[in-house]
Amino acid sequence: MYRQEIIYDPVTRDFAMYLDGELVGFARTYEEAEETLNSLVYELLHGGYLRRKAA
């Protein structure tokens, strides 16, 4: 399963979104970040995408 993390940055007042330790984007609210990460994981699991690590 994928490890999701949402970390608030008080300087920028954004929420950084991480998937398996890799930054995937920023959101304005915690709820927006959570929804975005959940959608991304759903697409990865059901959308037929291949998961590759950069060499």
# chains A, B, ... in the order shown; residues from 1 in each chain; ligands from 1

$ residues_around --residues "stretch 10-16 of chain A" --least-positions-apart "4" --cutoff "6 Å" --atoms "only C-alpha atoms" --output "number ranges by chain"
A: 6, 26-28

$ write_last_selection --atoms "N, CA, C and O atoms" --output "PDB file, in the first residue's frame"
ATOM      1  N   ILE A   6       0.793  14.297   4.857  1.00  0.00           N
ATOM      2  CA  ILE A   6       0.417  15.678   4.602  1.00  0.00           C
ATOM      3  C   ILE A   6       1.085  16.507   5.690  1.00  0.00           C
ATOM      4  O   ILE A   6       0.864  16.272   6.879  1.00  0.00           O
ATOM      5  N   PHE A  26       1.251  20.434  -3.645  1.00  0.00           N
ATOM      6  CA  PHE A  26       0.834  21.268  -2.529  1.00  0.00           C
ATOM      7  C   PHE A  26      -0.661  21.512  -2.620  1.00  0.00           C
ATOM      8  O   PHE A  26      -1.225  21.504  -3.711  1.00  0.00           O
ATOM      9  N   ALA A  27      -1.275  21.764  -1.475  1.00  0.00           N
ATOM     10  CA  ALA A  27      -2.700  22.066  -1.422  1.00  0.00           C
ATOM     11  C   ALA A  27      -2.929  23.224  -0.465  1.00  0.00           C
ATOM     12  O   ALA A  27      -2.121  23.482   0.423  1.00  0.00           O
ATOM     13  N   ARG A  28      -4.069  23.895  -0.630  1.00  0.00           N
ATOM     14  CA  ARG A  28      -4.383  25.035   0.238  1.00  0.00           C
ATOM     15  C   ARG A  28      -4.952  24.608   1.578  1.00  0.00           C
ATOM     16  O   ARG A  28      -4.795  25.312   2.566  1.00  0.00           O
TER      17      ARG A  28
END

$ residues_around --residues "A:Ala33" --least-positions-apart "2" --cutoff "12 Å" --atoms "only C-alpha atoms" --output "NGL selection string"
:A and (4-8 or 14-19 or 23-31 or 35-40)

$ select_by_dssp --residues "chain A" --states "strand (DSSP E or B)" --output "CSV table (one decimal) with C-alpha atoms, in the first residue's frame"
chain,number,residue,atom,x,y,z
A,4,GLN,CA,0.5,9.2,2.4
A,5,GLU,CA,1.8,12.2,4.4
A,6,ILE,CA,0.4,15.7,4.6
A,7,ILE,CA,2.7,18.2,6.2
A,8,TYR,CA,1.7,21.8,7.0
A,9,ASP,CA,4.2,24.6,6.3
A,14,ASP,CA,0.3,25.3,2.3
A,15,PHE,CA,0.1,21.6,2.9
A,16,ALA,CA,2.8,19.5,1.2
A,17,MET,CA,1.6,16.2,-0.1
A,18,TYR,CA,3.9,13.2,0.0
A,19,LEU,CA,3.4,9.7,-1.4
A,22,GLU,CA,8.2,11.7,-2.4
A,23,LEU,CA,6.7,15.2,-2.8
A,24,VAL,CA,3.8,15.1,-5.2
A,25,GLY,CA,2.4,18.6,-4.8
A,26,PHE,CA,0.8,21.3,-2.5
A,27,ALA,CA,-2.7,22.1,-1.4

$ select_by_dssp --residues "chain A" --states "alpha helix (DSSP H)" --output "ChimeraX atom specification"
/A:30-46

$ decode --residues "stretch 7-18 of chain A" --atoms "N, CA, C and O atoms" --output "tab-separated table (two decimals), in the first residue's frame"
chain	number	residue	atom	x	y	z
A	7	ILE	N	1.91	17.45	5.28
A	7	ILE	CA	2.68	18.24	6.24
A	7	ILE	C	2.40	19.73	6.01
A	7	ILE	O	2.57	20.24	4.89
A	8	TYR	N	1.97	20.39	7.07
A	8	TYR	CA	1.67	21.82	7.00
A	8	TYR	C	2.95	22.64	7.09
A	8	TYR	O	3.80	22.38	7.93
A	9	ASP	N	3.08	23.65	6.22
A	9	ASP	CA	4.21	24.56	6.25
A	9	ASP	C	3.70	25.92	6.73
A	9	ASP	O	2.99	26.62	6.00
A	10	PRO	N	4.03	26.31	7.97
A	10	PRO	CA	3.51	27.57	8.51
A	10	PRO	C	4.04	28.82	7.78
A	10	PRO	O	3.41	29.87	7.83
A	11	VAL	N	5.15	28.70	7.10
A	11	VAL	CA	5.71	29.85	6.37
A	11	VAL	C	4.87	30.15	5.13
A	11	VAL	O	4.44	31.28	4.90
A	12	THR	N	4.61	29.13	4.32
A	12	THR	CA	3.84	29.31	3.08
A	12	THR	C	2.34	29.12	3.31
A	12	THR	O	1.54	29.47	2.46
A	13	ARG	N	2.01	28.53	4.45
A	13	ARG	CA	0.62	28.21	4.81
A	13	ARG	C	-0.03	27.27	3.80
A	13	ARG	O	-1.22	27.34	3.52
A	14	ASP	N	0.78	26.37	3.25
A	14	ASP	CA	0.32	25.32	2.35
A	14	ASP	C	0.52	23.97	3.01
A	14	ASP	O	1.25	23.85	3.98
A	15	PHE	N	-0.11	22.96	2.42
A	15	PHE	CA	0.05	21.59	2.88
A	15	PHE	C	0.80	20.82	1.80
A	15	PHE	O	0.35	20.72	0.66
A	16	ALA	N	1.98	20.32	2.16
A	16	ALA	CA	2.78	19.52	1.23
A	16	ALA	C	2.25	18.10	1.24
A	16	ALA	O	1.98	17.53	2.29
A	17	MET	N	2.10	17.51	0.05
A	17	MET	CA	1.58	16.15	-0.08
A	17	MET	C	2.72	15.23	-0.50
A	17	MET	O	3.40	15.49	-1.49
A	18	TYR	N	2.89	14.16	0.25
A	18	TYR	CA	3.93	13.17	-0.02
A	18	TYR	C	3.29	11.81	-0.23
A	18	TYR	O	2.36	11.44	0.48
